[in-house]
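Since the structure comes first, as structure tokens, the remarks are kept for the end.
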Amino acid sequence: MSFFQIVEQYRGFDFQQFFDQVTDEAVERSLAREKPGAIDFLTLLSPRAATYLEPMAHKAHQLTVQYFGRTIQLFIPLYISNHCANQCAYCGFNHENAIIRRKLTLEEIEAEACAIARTGMQHVLFLTGEAQHLTPMEYLVAAAQCLKRHFASVAIEVYPLEVAEYRRLQRAGVDGMTLFQETYNQEVYKRVHRAGRKMDYHWRLNAPERAAQGGMRVVNLGPLLGLAEPRSEIFFTGLHARYLDNKYLETEVAVSLPRFNEAEGDFQPDYLVDDKTFVQFMTALRIFLPRAGLTISTRENAAFRDRILPLGATRYSAGSSTGVGGYADNQVEQTPQFEITDDRSVDEVAAAIVAHGYQPVYKDWDQIA
Amino acid sequence: MKDDVLKLGTVTFTNRLFTGTGKFAANSLIPKMLAASNSQMITVALRRIDTTAQSENILDSIPKNVTLLPNTSGARTAEQAVRIARIAREAGCGDFIKIEVITDMKYLMPDNWETLKATEILAKEGFIVLPYILPDLPLAKRLESAGAVAVMPLGAPIGTNRGLETRPLLELLIENCTIPVVVDAGIGRPSQAAAAMEMGADAVLVNTAIATARDPIAMGRAFDQAVRAGRTAYLAELAEESNLARASSPLTGFLD
């Protein structure tokens, strides 16, 4: 059994027809349900449910406060390489893009770590493009060990790995794994991933499960909203999270909902998710998955991030640079993977969180070897 | 009732409400909540303590007269719980330790088996051990022999505010344990805390319901009052309940 079998259960399912038939009564029933099922979740994702945004937001808020309190966990991303063998139509790191390619040496990683640590951040997420030959396991392990000396929690967002490789990184001090499926729609997936190992839908789809099997404490999923019809994308993301949640009780599942943001290469997404729909997605996910982490990155702008604090979010990145390095030496001209729209410093983000009645949490983990 | 005290290890408590540090909108609320609730013991997850913190350290928010109950949140095995306990002691958090071993991130149910193993080890090392458990009498008795100073059974899954869902099992523990029973987790309202105390629980630990209230300070006060009321009622011995109505003019009165 893998999550693919659940994806396959919806082959041929007419989402549009389902949405067309959703009634107010159905939304109210799904909203009142103590343990919402898949159909309740889909109902809450329907256009019809948009008129119930306020009660959905109240329920999402209440559940989030109950399970997470008035706290927001902070983390910071560190890109250690932008080399990439893939050709993803939407990504700034696309192999075809003529950008300056860079991979940090261990000394440079050390310098970045020192610079980041000075901001007070204790949870770091390190990222690479997908170029296994240039950023092999040995490099990832060495990077993890280096970062672990500076941070309470180290997570990865790298190319999909084997179970044993996740296990190896876990032993090197990595406790979290983020990987976005980008799209659950197999046709769209095939269209936008034109080269490289990323063309393999299944290899990627099963990676979060392999990470759970490899002992990762937190597994963070997400679609890239804009590639395929967004309501069904969120639906599959929620089902994927619940699948892992049910199967791997030791794993904390978290969800990100990155929406399309201008990157290098002038990719025009087929779908745009407006703020209102974004909030509907967020609150529906919270209602469907009360205990799941919900990560909001700096793709979202500062004002919007401040407003959605009480609606279900639990983790915020802050002070982010999405070019390689960027903390120790910010003079270097960089092509980012995507454009950041919240460019506030860690202190500024933390102050905004406090101003909204929430506590920014810098440290919430210790790995005991 | 001046003599109604609770002794745990080397410390004597005159207040039976234990509190927690999680989920507050700001750590600065913690000392105010402690003052309002009169709580003399507060739990804190070692994973949240950052002694190198440039900003605030959560321990700075806890007055010195309140006993620190570090917990092993995040531990998936007995071995990890033991390590966390030792680190907590080295970090100057004292000898108290609440053992929390959770392998199920979905319902956050304590793993009784790993918890027992950790208790056996830590009690021998001189820790004042309070294990967080699912209410299971045979386990509680084993914890007792292993040297736990109290057991902390859950009333309902943590953070759910559902109250004393495990009531019949808690009653068995209260009746049969020679060490104190502290109802931990699930208590969402002061009335539920009062109910636990009326049943004969020795103390309750409340975090979510206080930390996430609109006014955590007032809610801390309300829990203090409820715990005192419940305790007083327990000591005063409640009148027996009966499902049958007792008319003041009994139907069989003519037979007397």
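Each chain of the structure tokens is named A, B, ... in the order shown, its residues numbered from 1; ligands are numbered from 1 in display order.
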Spatial neighbours of Glu187 of chain A, 10 Å, only C-alpha atoms, chain gap at least 5 places, as a ChimeraX atom specification: /A:192,201,228
Give me, as a PyMOL selection string, all polymer residues having an atom no more than 9 Å from Ala350 of chain A, counting only C-alpha atoms and skipping those fewer than 5 positions away in the same chain. chain A and resi 74+318+345+355+359-361
Just the residues within 9 Å of Ala222 of chain B, please, counting only C-alpha atoms, with nothing from its chain fewer than 5 positions along; format it as a PyMOL selection string. chain B and resi 36-37+190+217+227
Taking only residues of chain B that have an atom at most 7 Å from an atom of chain A, what is each one's shortest atom pair and its distance in Å to one decimal, using only C-alpha atoms, in chain and number order, as a tab-separated table?
```
residue	atom	partner	partner_atom	distance
B:Lys23	CA	A:Gly69	CA	3.8
B:Phe24	CA	A:Arg70	CA	5.8
B:Ala25	CA	A:Tyr358	CA	4.5
B:Ala26	CA	A:Gln359	CA	5.1
B:Arg47	CA	A:Trp365	CA	4.6
B:Arg48	CA	A:Asp364	CA	4.7
B:Asp50	CA	A:Lys363	CA	6.8
B:Ala53	CA	A:Gly120	CA	6.9
B:Gln54	CA	A:Gly120	CA	6.2
B:Gln80	CA	A:Ile368	CA	6.6
B:Thr103	CA	A:Glu250	CA	5.0
B:Asp104	CA	A:Leu249	CA	4.4
B:Met105	CA	A:Glu250	CA	5.3
B:Lys106	CA	A:Leu249	CA	5.8
B:Gly159	CA	A:Tyr67	CA	5.8
B:Thr208	CA	A:Gln66	CA	6.8
B:Thr212	CA	A:Gly69	CA	5.8
```
File dump, residues just selected, N, CA and C atoms, as a short mmCIF file (atom, residue, chain, number, x, y, z; two decimals), in the first residue's frame:
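Just written: part_7.cif:
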```cif
data_model
loop_
_atom_site.label_atom_id
_atom_site.label_comp_id
_atom_site.auth_asym_id
_atom_site.auth_seq_id
_atom_site.Cartn_x
_atom_site.Cartn_y
_atom_site.Cartn_z
N LYS B 23 2.27 26.88 25.05
CA LYS B 23 1.12 27.50 24.39
C LYS B 23 0.77 28.92 24.80
N PHE B 24 1.56 29.54 25.65
CA PHE B 24 1.25 30.93 26.02
C PHE B 24 1.59 31.89 24.88
N ALA B 25 0.81 32.95 24.79
CA ALA B 25 1.06 33.95 23.75
C ALA B 25 2.36 34.69 24.02
N ALA B 26 2.77 34.74 25.27
CA ALA B 26 4.03 35.37 25.63
C ALA B 26 4.50 34.76 26.94
N ARG B 47 13.04 20.50 25.61
CA ARG B 47 13.28 20.88 24.22
C ARG B 47 13.03 22.36 23.96
N ARG B 48 12.26 22.99 24.87
CA ARG B 48 11.99 24.41 24.70
C ARG B 48 13.03 25.29 25.40
N ASP B 50 16.41 26.95 25.99
CA ASP B 50 17.59 27.29 25.22
C ASP B 50 18.49 28.15 26.09
N ALA B 53 20.12 31.15 24.55
CA ALA B 53 19.22 32.11 23.90
C ALA B 53 19.71 33.55 24.04
N GLN B 54 19.65 34.26 22.92
CA GLN B 54 20.01 35.67 22.96
C GLN B 54 18.83 36.48 23.46
N GLN B 80 15.82 7.70 25.39
CA GLN B 80 15.84 9.14 25.13
C GLN B 80 15.33 9.91 26.34
N THR B 103 5.10 7.93 21.40
CA THR B 103 5.52 7.40 20.10
C THR B 103 4.42 7.63 19.07
N ASP B 104 3.34 8.18 19.52
CA ASP B 104 2.19 8.35 18.64
C ASP B 104 1.88 9.84 18.53
N MET B 105 2.31 10.42 17.40
CA MET B 105 2.15 11.86 17.23
C MET B 105 0.74 12.24 16.83
N LYS B 106 -0.10 11.24 16.64
CA LYS B 106 -1.45 11.54 16.18
C LYS B 106 -2.36 11.82 17.37
N GLY B 159 -4.43 18.12 25.40
CA GLY B 159 -4.86 19.26 24.60
C GLY B 159 -6.29 19.22 24.13
N THR B 208 -3.07 23.55 28.75
CA THR B 208 -3.79 24.12 27.60
C THR B 208 -4.95 25.03 28.01
N THR B 212 -4.39 28.83 26.82
CA THR B 212 -5.09 29.26 25.62
C THR B 212 -6.40 29.99 25.93
#
```
From a DSSP pass on the backbone, collect the residues of segment 47-282 of chain A flagged as strand (DSSP E or B) and hand them back as a PyMOL selection string. chain A and resi 71-79+81+88+103+123-127+153-157+174-178+182+193+218-221+223+225+252-256+259
Tyr316 of chain A environment, 9 Å, only C-alpha atoms, sequence neighbours closer than 2 positions dropped, as a PyMOL selection string: chain A and resi 72-76+294-298+305+313-314+318+349
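Residues in contact with Gly92 of chain B at up to 10 Å, not including ones fewer than 4 positions away on its chain and judged by only C-alpha atoms, are Leu68, Ile87 and Ala88 of chain B.
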So, with only C-alpha atoms as the atoms that count, which of B:Glu79, B:Asp95, B:Glu175, B:Asp184 lies closest to Gly126 of chain B? B:Asp95
